[in-house]
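Written below as structure tokens is the structure these notes are about.
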Amino acid sequence: MGYMDNNLESRIEEVLSRGVAEVIDRANLKKKLLSGKKLRIKLGIDPTSPNLHLGRAVSLLKLRDLQDLGHQVILLIGDFTGVIGDTSDKESERPMLQVEAVKENMRSYREQAGKILDMEKVEYYYNSTGLSKLGYAEIGEQADQFSLAEFIARENIRKRLDAGTRISLRELLYPLMQGYDSVALQADLELGGTDQRFNLLAGRTLQKKYGQEPQDILMVNLIEGTDGRKMSSSWGNTINLLDEPNAMFGKVMSMGDGLIVEYFIHCTRVALEDIEKMEKDMAAGVMNPRDAKLELEREIVKIYHGETEADKAKEYFVKTISNKEIPEEVREVNVDKEEIKLVEFLVLAGLAKSNGEARRKIEQGGLEINEARESDWQRVLTGSDDGAVFKVGKFGFAKIKFEK
RNA sequence: GGGCAAGUGGUAGAGUGGUCAAUUACAUCAGACUGUAAAUCUGACAACUUCGGUUUACGGGGGUUCGAAUCCCUCCUUGCCCA
């Protein structure tokens, strides 16, 4: 075996293990990957939210690796299933999306996925193509492959049943549809999160029924969101691929230190040995977790916004937060009156949601005007305050500009 | 078709006639601390306000009462059981 072969095998090993929860059937998949055959690899995306987040990126990065190994990546856009609603990752019923909403959401998908994948080589498939043609007879036959007991045994269904929340029959059809997608695509491999297990396996069941070789399955870990719960668009704890660099930065910085390594493994392609070293250094107290986070954030922003933006975001953070400096460019807020109440200005500038909140922040010592704490919430701003810089909290800045 | 139960603030979940703008937890926001926006600790957390108060809120509508998230009627939604 030559050098190249060894290299290939180790790359495949990383594909099969980095951030991966389970592979079915691992031995078979490895054999296929080594065979030199161009595999058809499927990843389904439900266009339920217009934003892709870092949790999705785990699969996309994995797809990129496979793409680099020369395989055919197929992005399945769930325009049909998106209207139905998946049960897997929900603890409550998913609303049926309107067709219009699905279309709207799909629009930005290519752009977002393009940050990671080589879109030139990607094949697209809208699953309404095959699914909308099926009739009751065929659906009935497919449904016969599964039993009610199997559905009830699923954790999410179980939970909802126990909690007494509603489960629509419609939702039970979802795995059939996802499974049939694999048939339509003749997929060799399907990627998904661990929550997708049942749906992914349904693909194998149906492929067998239709006389195809069952696909292999690669399940990636679900990463935790910024609040420690599973990252999900319905929790609002996501880091989105379209987030602005500074926003991305902030979200990463505000997550628990315990997630750093997990994120490095799943959301970046930093070499595994480097990550291990970092982990050891942090455990030994040689490395400050903050520095690891800064590096992590840089790596993540780099993927979606490029290296320059990544460096800028890091610089902004160090200056503004660490050194508590006022950023170079502060947003100007125009006031078209001769004077304005302080609380009203803060609301106008978007630094507080209401007069009451502005008052609270001031009373609690959260306001600085030109770097001096201001605690008089009844104060009125006049022309002599023109150009003053306001800082609320750690990163809310605004400069006042009187137009009169 | 019948019977029973439930619907509270961003979320979970207390509260069964006044002291409830509504316990608590989580989330959120501010402060302290830390060369992290982590952790920990403290405080705040409906809107408006001439800081005295005022207004709007407990699925929708109506009613009883001096007074209702709490009682009654009705509608809507959901769950469970029976047929």
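In the structure tokens, chains take the letters A, B, ... in the order shown, each chain's residues start at 1, and ligands count up from 1 in the order shown.
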Which residues of chain A have any atom within 6 Å of an atom in chain B when counting only C-alpha atoms (C1' of nucleotides), and what is the closest pair of atoms for each, with the distance in Å to one decimal? Order the rows by chain and rising number and write it as a Markdown table.
```
| residue | atom | partner | partner_atom | distance |
| --- | --- | --- | --- | --- |
| A:Gly164 | CA | B:G79 | C1' | 5.8 |
| A:Gly250 | CA | B:A37 | C1' | 5.9 |
| A:Met253 | CA | B:A37 | C1' | 5.5 |
| A:Ser254 | CA | B:A37 | C1' | 4.8 |
| A:Gly256 | CA | B:A38 | C1' | 4.9 |
| A:Asp257 | CA | B:A38 | C1' | 5.3 |
| A:Arg290 | CA | B:U36 | C1' | 4.3 |
| A:Lys361 | CA | B:A30 | C1' | 5.7 |
| A:Gln364 | CA | B:A30 | C1' | 5.8 |
| A:Gly366 | CA | B:A30 | C1' | 5.5 |
```
One decimal, Å: what's the distance from atom CA of Glu171 of chain A over to atom CA of Ala202 of chain A, could you say?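 For atom CA of Glu171 of chain A relative to atom CA of Ala202 of chain A, the distance reads 14.2 Å.
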Can you tell me, as a list in words, which residues in segment 257-354 of chain A count as strand (DSSP E or B) by DSSP?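 The strand (DSSP E or B) subset of segment 257-354 of chain A is Glu332, Val333, Asn334, Val335, Ile340 and Lys341 of chain A.
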Segment 331-341 of chain A: which residues within 6 Å, counting only C-alpha atoms (C1' of nucleotides), same-chain residues fewer than 5 positions away excluded, as a PyMOL selection string? chain A and resi 380-382+398-404
List the neighbours of Ala143 of chain A out to 12 Å using only C-alpha atoms (C1' of nucleotides); skip same-chain residues closer than 3 positions along the sequence, and give me the result as a list in words. Tyr136, Ala137, Glu138, Ile139, Gly140, Phe146, Ser147, Leu148, Glu150, Phe151, Leu172, Leu173, Tyr174, Pro175, Leu176, Met177, Gly179, Tyr180, Ala202, Thr205, Leu206 and Lys209 of chain A
